[in-house]
Every structure is written in C-alpha cells, then in structure tokens.
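Dumped final_31.tsv below, it's TSV, C-alpha atoms:
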```tsv
chain	number	residue	atom	x	y	z
N	1	LEU	CA	-19.62	-65.81	112.32
N	2	MET	CA	-18.28	-62.79	110.40
N	3	VAL	CA	-21.79	-61.44	109.99
N	4	LYS	CA	-22.62	-62.18	113.65
N	5	GLU	CA	-19.50	-60.28	114.73
N	6	GLY	CA	-20.51	-57.33	112.57
N	7	CYS	CA	-17.64	-57.87	110.13
N	8	ALA	CA	-18.67	-56.62	106.70
N	9	LEU	CA	-18.03	-59.09	103.91
N	10	ASN	CA	-15.82	-57.73	101.14
N	11	VAL	CA	-14.72	-58.72	97.67
N	12	ASN	CA	-12.08	-61.13	99.01
N	13	THR	CA	-14.70	-62.98	101.06
N	14	PHE	CA	-16.94	-63.52	98.05
N	15	ASN	CA	-14.05	-64.36	95.71
N	16	SER	CA	-12.94	-67.11	98.10
N	17	LEU	CA	-16.44	-68.55	98.37
N	18	LEU	CA	-16.85	-68.48	94.60
N	19	LYS	CA	-13.53	-70.29	94.09
N	20	GLY	CA	-14.51	-72.94	96.61
N	21	PHE	CA	-17.88	-73.70	95.05
N	22	ALA	CA	-16.22	-73.67	91.60
N	23	LEU	CA	-13.78	-76.30	92.85
N	24	LEU	CA	-16.73	-78.47	93.86
N	25	GLY	CA	-18.52	-77.87	90.56
N	26	ASP	CA	-21.48	-76.44	92.49
N	27	THR	CA	-22.78	-73.94	89.91
N	28	GLU	CA	-26.02	-73.26	91.78
N	29	SER	CA	-24.14	-72.14	94.89
N	30	GLU	CA	-21.70	-70.13	92.78
N	31	GLN	CA	-24.60	-68.23	91.24
N	32	HIS	CA	-26.17	-67.71	94.66
N	33	ILE	CA	-22.96	-66.26	96.11
N	34	LEU	CA	-22.58	-64.02	93.07
N	35	ASP	CA	-26.15	-62.77	93.50
N	36	VAL	CA	-25.60	-62.10	97.23
N	37	ALA	CA	-22.37	-60.22	96.51
N	38	ILE	CA	-24.05	-58.01	93.91
N	39	SER	CA	-27.07	-57.38	96.15
N	40	ASN	CA	-24.63	-56.20	98.84
N	41	GLY	CA	-22.94	-53.79	96.46
N	42	VAL	CA	-19.80	-55.90	96.16
N	43	VAL	CA	-18.30	-56.47	92.72
N	44	PRO	CA	-16.31	-59.74	92.59
N	45	ASP	CA	-13.22	-60.10	90.42
N	46	PHE	CA	-13.78	-60.50	86.70
N	47	SER	CA	-12.32	-64.00	86.95
N	48	ALA	CA	-15.19	-64.92	89.29
N	49	TYR	CA	-17.76	-63.87	86.71
N	50	LYS	CA	-15.90	-65.82	84.04
N	51	ASN	CA	-15.80	-68.92	86.20
N	52	VAL	CA	-19.55	-68.81	86.88
N	53	LEU	CA	-20.24	-68.10	83.21
N	54	ASN	CA	-18.12	-71.08	82.14
N	55	ALA	CA	-19.85	-73.29	84.70
N	56	HIS	CA	-23.26	-72.42	83.27
N	57	VAL	CA	-22.02	-73.04	79.74
N	58	LYS	CA	-20.50	-76.43	80.62
N	59	GLY	CA	-23.73	-77.36	82.35
N	60	SER	CA	-25.77	-76.35	79.29
N	61	ASP	CA	-27.63	-73.81	81.44
N	62	ALA	CA	-28.42	-71.25	78.77
N	63	GLN	CA	-30.43	-68.87	80.94
N	64	GLY	CA	-27.83	-69.01	83.70
N	65	ALA	CA	-25.13	-68.10	81.19
N	66	VAL	CA	-27.14	-65.15	79.90
N	67	ARG	CA	-27.82	-64.01	83.47
N	68	VAL	CA	-24.21	-63.91	84.62
N	69	LEU	CA	-23.06	-62.38	81.31
N	70	GLN	CA	-25.49	-59.51	81.89
N	71	GLN	CA	-24.45	-59.22	85.55
N	72	SER	CA	-20.80	-58.87	84.55
N	73	LEU	CA	-21.63	-56.28	81.90
N	74	ASP	CA	-23.73	-54.34	84.41
N	75	SER	CA	-20.68	-54.37	86.71
N	76	GLY	CA	-18.65	-52.68	83.99
N	77	PHE	CA	-16.65	-55.64	82.70
N	78	LYS	CA	-15.98	-56.41	79.05
N	79	HIS	CA	-15.88	-59.86	77.48
N	80	ASN	CA	-13.95	-61.16	74.49
N	81	ILE	CA	-15.45	-63.01	71.55
N	82	VAL	CA	-14.74	-66.42	73.11
N	83	ALA	CA	-17.06	-65.67	76.03
N	84	TYR	CA	-19.79	-64.22	73.83
N	85	ASN	CA	-19.58	-67.16	71.43
N	86	SER	CA	-19.89	-69.63	74.30
N	87	VAL	CA	-23.21	-68.03	75.29
N	88	VAL	CA	-24.45	-67.93	71.68
N	89	ASP	CA	-23.54	-71.61	71.33
N	90	VAL	CA	-25.25	-72.80	74.53
N	91	LEU	CA	-28.42	-70.90	73.53
N	92	ALA	CA	-28.31	-72.31	70.00
N	93	LYS	CA	-27.90	-75.86	71.30
N	94	VAL	CA	-31.24	-75.63	73.08
N	95	GLY	CA	-32.93	-73.88	70.16
N	96	GLU	CA	-33.27	-70.50	71.88
N	97	MET	CA	-32.47	-68.57	68.72
N	98	ARG	CA	-34.13	-65.33	69.77
N	99	GLY	CA	-31.79	-65.22	72.76
N	100	ALA	CA	-28.79	-66.21	70.61
N	101	SER	CA	-29.63	-63.46	68.11
N	102	GLY	CA	-29.90	-61.01	71.02
N	103	ILE	CA	-26.38	-61.87	72.15
N	104	VAL	CA	-25.13	-61.40	68.60
N	105	ASP	CA	-26.75	-57.96	68.51
N	106	LEU	CA	-25.00	-57.18	71.81
N	107	MET	CA	-21.68	-58.33	70.33
N	108	VAL	CA	-22.12	-55.97	67.39
N	109	LYS	CA	-23.09	-53.14	69.74
N	110	GLU	CA	-19.96	-53.78	71.83
N	111	GLY	CA	-17.79	-53.72	68.69
N	112	CYS	CA	-16.99	-57.43	68.90
N	113	ALA	CA	-16.49	-58.79	65.38
N	114	LEU	CA	-18.44	-61.96	64.62
N	115	ASN	CA	-16.29	-64.90	63.54
N	116	VAL	CA	-16.71	-68.38	62.10
N	117	ASN	CA	-17.66	-69.86	65.48
N	118	THR	CA	-20.46	-67.32	65.89
N	119	PHE	CA	-21.98	-68.20	62.53
N	120	ASN	CA	-21.48	-71.96	62.95
N	121	SER	CA	-23.40	-71.86	66.24
N	122	LEU	CA	-26.26	-69.87	64.69
N	123	LEU	CA	-26.42	-72.23	61.73
N	124	LYS	CA	-26.57	-75.28	64.02
N	125	GLY	CA	-29.30	-73.67	66.08
N	126	PHE	CA	-31.55	-72.88	63.14
N	127	ALA	CA	-30.86	-76.34	61.72
N	128	LEU	CA	-32.07	-77.79	65.03
N	129	LEU	CA	-35.33	-75.88	64.59
N	130	GLY	CA	-35.63	-76.87	60.93
N	131	ASP	CA	-35.65	-73.18	59.98
N	132	THR	CA	-34.04	-73.39	56.54
N	133	GLU	CA	-34.86	-69.79	55.64
N	134	SER	CA	-32.96	-68.46	58.65
N	135	GLU	CA	-30.10	-70.90	57.99
N	136	GLN	CA	-29.74	-69.53	54.48
N	137	HIS	CA	-29.94	-65.94	55.76
N	138	ILE	CA	-27.16	-66.54	58.31
N	139	LEU	CA	-25.05	-68.23	55.65
N	140	ASP	CA	-25.54	-65.23	53.34
N	141	VAL	CA	-24.63	-62.78	56.12
N	142	ALA	CA	-21.51	-64.76	56.99
N	143	ILE	CA	-20.32	-64.82	53.38
N	144	SER	CA	-21.09	-61.11	52.89
N	145	ASN	CA	-18.91	-60.41	55.95
N	146	GLY	CA	-16.03	-62.41	54.51
N	147	VAL	CA	-16.50	-65.31	56.94
N	148	VAL	CA	-16.38	-68.87	55.61
N	149	PRO	CA	-18.41	-71.26	57.81
N	150	ASP	CA	-17.36	-74.88	58.29
N	151	PHE	CA	-18.03	-77.26	55.41
N	152	SER	CA	-20.49	-79.11	57.64
N	153	ALA	CA	-22.55	-75.92	57.84
N	154	TYR	CA	-22.82	-75.74	54.06
N	155	LYS	CA	-23.75	-79.42	53.90
N	156	ASN	CA	-26.45	-78.95	56.53
N	157	VAL	CA	-28.03	-76.03	54.67
N	158	LEU	CA	-27.77	-77.92	51.38
N	159	ASN	CA	-29.48	-80.96	52.87
N	160	ALA	CA	-32.20	-78.75	54.36
N	161	HIS	CA	-32.96	-77.28	50.94
N	162	VAL	CA	-33.00	-80.74	49.37
N	163	LYS	CA	-35.32	-82.16	52.04
N	164	GLY	CA	-37.61	-79.18	51.60
N	165	SER	CA	-37.66	-79.68	47.81
N	166	ASP	CA	-36.20	-76.18	47.38
N	167	ALA	CA	-34.31	-76.71	44.13
N	168	GLN	CA	-33.06	-73.16	43.70
N	169	GLY	CA	-31.97	-72.97	47.33
N	170	ALA	CA	-29.99	-76.19	46.89
N	171	VAL	CA	-28.27	-74.85	43.78
N	172	ARG	CA	-27.52	-71.58	45.53
N	173	VAL	CA	-25.79	-73.09	48.56
N	174	LEU	CA	-23.97	-75.63	46.41
N	175	GLN	CA	-22.48	-72.77	44.41
N	176	GLN	CA	-21.70	-70.79	47.58
N	177	SER	CA	-19.78	-73.72	49.01
N	178	LEU	CA	-17.85	-74.22	45.75
N	179	ASP	CA	-17.03	-70.49	45.65
N	180	SER	CA	-15.67	-70.87	49.20
N	181	GLY	CA	-13.27	-73.55	47.98
N	182	PHE	CA	-15.03	-76.67	49.21
N	183	LYS	CA	-15.48	-79.91	47.26
N	184	HIS	CA	-18.54	-82.15	47.31
N	185	ASN	CA	-18.86	-85.87	46.73
N	186	ILE	CA	-21.20	-87.51	44.26
N	187	VAL	CA	-23.91	-87.98	46.91
N	188	ALA	CA	-24.26	-84.23	47.36
N	189	TYR	CA	-24.25	-83.52	43.63
N	190	ASN	CA	-26.80	-86.26	42.97
N	191	SER	CA	-29.11	-84.85	45.65
N	192	VAL	CA	-29.14	-81.50	43.84
N	193	VAL	CA	-29.68	-83.14	40.45
N	194	ASP	CA	-32.56	-85.13	41.93
N	195	VAL	CA	-34.34	-82.18	43.54
N	196	LEU	CA	-34.06	-80.22	40.28
N	197	ALA	CA	-35.36	-83.17	38.26
N	198	LYS	CA	-38.31	-83.63	40.62
N	199	VAL	CA	-39.57	-80.13	39.83
N	200	GLY	CA	-38.84	-80.46	36.11
N	201	GLU	CA	-35.89	-78.07	36.02
N	202	MET	CA	-33.91	-80.21	33.61
N	203	ARG	CA	-31.72	-77.42	32.29
N	204	GLY	CA	-30.53	-76.82	35.83
N	205	ALA	CA	-30.10	-80.55	36.43
N	206	SER	CA	-28.04	-80.85	33.25
N	207	GLY	CA	-25.94	-77.90	34.39
N	208	ILE	CA	-25.12	-79.68	37.64
N	209	VAL	CA	-24.18	-82.83	35.71
N	210	ASP	CA	-21.84	-80.74	33.55
N	211	LEU	CA	-20.35	-79.32	36.75
N	212	MET	CA	-19.85	-82.84	38.10
N	213	VAL	CA	-17.95	-83.83	34.99
N	214	LYS	CA	-15.87	-80.65	35.18
N	215	GLU	CA	-15.02	-81.38	38.83
N	216	GLY	CA	-14.04	-84.95	37.94
N	217	CYS	CA	-16.87	-86.42	39.96
```
Starting from the file, lay out its structure as structure tokens.
Amino acid sequence: LMVKEGCALNVNTFNSLLKGFALLGDTESEQHILDVAISNGVVPDFSAYKNVLNAHVKGSDAQGAVRVLQQSLDSGFKHNIVAYNSVVDVLAKVGEMRGASGIVDLMVKEGCALNVNTFNSLLKGFALLGDTESEQHILDVAISNGVVPDFSAYKNVLNAHVKGSDAQGAVRVLQQSLDSGFKHNIVAYNSVVDVLAKVGEMRGASGIVDLMVKEGC
C-alpha cells in the first residue's frame, strides 16, 4: 500500500520488517528484506545486520553469514571479535577452511586481534578435514602469538599425529601442551611411546617413559 501510494520506504520501514521476520525465525525473509533495502539505497540499523548475521550462524548457513557480514562492512559498519569468530566457526564446522581463513585475514586487516576462540575454530575445521599439517601450523601460530588453545585442541592434534604415524609431530605437540601447562593421562603418553616404537625411535620412546615417571604417571 505504501508503495502504491507513492510513499518511499525508509530505514524505519525496513527495520520493522527485519524485526518481525527475526521474531518468526524466518532467516530467508530477513535476508530478502535486507537485500531489498540495500538495493534501494537504504542502510538498516547495525542491529538489523547483527540479527540477520546471528540468524545465519544459528542456522549453520555459512555462506549466508559471510554474505551479510560483507554487506554490513560495505555499509560502513564495524564488527567486534565475537561476530567475526561466529562466522569463522560456522565456516569451519562445514569444512570451508578457505573461507574461514579469508575471514581471519579480514580480521587481521581490520586490526581485530585473534583470540583462543578463533584458533579453536580453525583447529576444529582442519581436524574435520583430516588436515594434520594445517592443524599443526595453526597450533604453532597460536602459540607464537601467546594464545593457548583449549586442551581438547592439543589432544586432537596429538591424536592426528599418532593416527598418521608421525612420531616427531606427536612428540612436538605433546611437549607444546606440557609447556602450556596441561597434563596428560597415561593413554596419551602411551600413544606417543607406541608411535615412536613403531618407527624404531627407541631413544625417543624411552625419553617419553622417563617423562611419564617424572610426571608421576
């Protein structure tokens, strides 16, 4: 009716529509309204962008999340690390690590410091793909930036090295986790001893046994 009467829609019109569709959990319509607003040269409130972004994230719509993040940036808005991390995480969960890495590059460009949640999401994503080399790289980058990932992240990388029969990689991440103040149980230690023994590195295996005794394991 407004359009029929020649009444130009403004930011308040679109904000109201966006709130209504958000209330219904209708993400597709939210995105459509946002697209129409932008195509008509109207910039909705930042809260509207955040709501649509969060809806895409909750719905595990990785590409939708990336789309509205870029739309909000193009409109001149800035996001905090929580928003960026949510997009990195939803991309990582579906194994889209190139996209996740692109968001991380954007975070760095925007001067947004990466934190433990950023690295944990990247580690989970590469673990999902079975990309142990990239897992280890991300772990190294995190540590070099003074960030200590969750213990589960260390365990995942350790297990990946063990499963891949990478004895030196297993020793490396075991030591990294110990240097970060974490403790392992006998199952983890035994897995490293076993992978070393399987490739005949008995000096290394004996060193891990000595470490076990020292740690009271």
Exercise. Just how far from CA of Cys112 in chain N is CA of Leu91 in chain N, in Å to one decimal?
Worked result: 18.3 Å
For this session: Tell me which protein, DNA and RNA residues are within 9 Å of Ala153 in chain N, counting all atoms listed in the file, leaving out same-chain ones fewer than 2 positions away, and put them as a count of residues only.
Result: 11
Exercise. Using only C-alpha atoms, which of the listed residues (N:Leu34, N:Val116, N:Met212, N:Ala8) sits closest to Asn190 in chain N?
Worked result: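 Under the stated criterion, the closest residue is N:Met212.
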Problem set entry | d(CA of Gly200 in chain N, CA of Ser180 in chain N) in Å |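 Atom-to-atom, CA of Gly200 in chain N and CA of Ser180 in chain N are spaced 28.3 Å apart.
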Exercise. Which polymer residues have any atom within 12 Å of an atom of Ala113 in chain N, counting all atoms listed in the file, with same-chain residues fewer than 2 positions away left out, as a ChimeraX atom specification?
Worked result: /N:80-82,84-85,104-111,115-119,142,145-147
Give the padded box for range 62-66 of chain N as lines of an AutoDock Vina configuration file: axis-aligned, covering all atoms listed in the file, 3 Å on each side, centre and edge lengths in Å to one decimal.
```
center_x = -27.8
center_y = -68.2
center_z = 81.2
size_x = 11.3
size_y = 12.1
size_z = 10.9
```
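You will find CA of Val87 in chain N at 27.1 Å from CA of Ser177 in chain N.
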For this session: Mind checking which residues fall within 12 Å of Ile186 in chain N, counting all atoms listed in the file, ignoring those fewer than 5 positions away in the same chain, and posting them as a list in words?
Result: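 Everything that qualifies: Ser191, Val192, Val193, Asp194, Ile208, Val209, Leu211, Met212, Val213, Glu215, Gly216 and Cys217 of chain N.
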Exercise. Between N:Asp45, N:Glu133, N:Asp61, N:Asp210, which has the minimum distance to Glu28 in chain N (counting all atoms listed in the file)?
Worked result: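 Among the listed residues, N:Asp61 lies closest to Glu28 in chain N.
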Exercise. Taking into account only C-alpha atoms, which residue in the set N:Gln136, N:Ser101, N:Gln175, N:Thr27 is nearest to Gly64 in chain N?
Worked result: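 For Gly64 in chain N, the nearest of the candidates is N:Thr27.
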Problem set entry | Distance query 10 Å from (-18.9, -61.1, 91.4) using all atoms listed in the file, result as a PyMOL selection string | chain N and resi 11+14-15+18+30-31+33-38+41-52+68+71-72+75
Put those residues in a file: C-alpha atoms, as a CSV table (one decimal), keeping the file's coordinate frame.
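Listed below is the output, part-v6.csv:
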```csv
chain,number,residue,atom,x,y,z
N,11,VAL,CA,-14.7,-58.7,97.7
N,14,PHE,CA,-16.9,-63.5,98.0
N,15,ASN,CA,-14.0,-64.4,95.7
N,18,LEU,CA,-16.8,-68.5,94.6
N,30,GLU,CA,-21.7,-70.1,92.8
N,31,GLN,CA,-24.6,-68.2,91.2
N,33,ILE,CA,-23.0,-66.3,96.1
N,34,LEU,CA,-22.6,-64.0,93.1
N,35,ASP,CA,-26.2,-62.8,93.5
N,36,VAL,CA,-25.6,-62.1,97.2
N,37,ALA,CA,-22.4,-60.2,96.5
N,38,ILE,CA,-24.0,-58.0,93.9
N,41,GLY,CA,-22.9,-53.8,96.5
N,42,VAL,CA,-19.8,-55.9,96.2
N,43,VAL,CA,-18.3,-56.5,92.7
N,44,PRO,CA,-16.3,-59.7,92.6
N,45,ASP,CA,-13.2,-60.1,90.4
N,46,PHE,CA,-13.8,-60.5,86.7
N,47,SER,CA,-12.3,-64.0,87.0
N,48,ALA,CA,-15.2,-64.9,89.3
N,49,TYR,CA,-17.8,-63.9,86.7
N,50,LYS,CA,-15.9,-65.8,84.0
N,51,ASN,CA,-15.8,-68.9,86.2
N,52,VAL,CA,-19.6,-68.8,86.9
N,68,VAL,CA,-24.2,-63.9,84.6
N,71,GLN,CA,-24.4,-59.2,85.6
N,72,SER,CA,-20.8,-58.9,84.6
N,75,SER,CA,-20.7,-54.4,86.7
```
Exercise. Between N:Ile143, N:Ala62, N:Leu196, N:Ile138, which has the minimum distance to His161 in chain N (counting all atoms listed in the file)?
Worked result: N:Leu196
Exercise. With only C-alpha atoms as the basis for distance, which of N:Lys183, N:Arg67, N:His137, N:Arg203 is at the shortest distance from Ser152 in chain N?
Worked result: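 Of all the options, N:Lys183 lies closest to Ser152 in chain N.
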Problem set entry | Given all atoms listed in the file as the counted atoms, nearest of N:Ala83, N:Met97, N:Leu9, N:Ile103 to Leu122 in chain N |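 When distances to Leu122 in chain N are compared using all atoms listed in the file, the smallest one comes from N:Met97.
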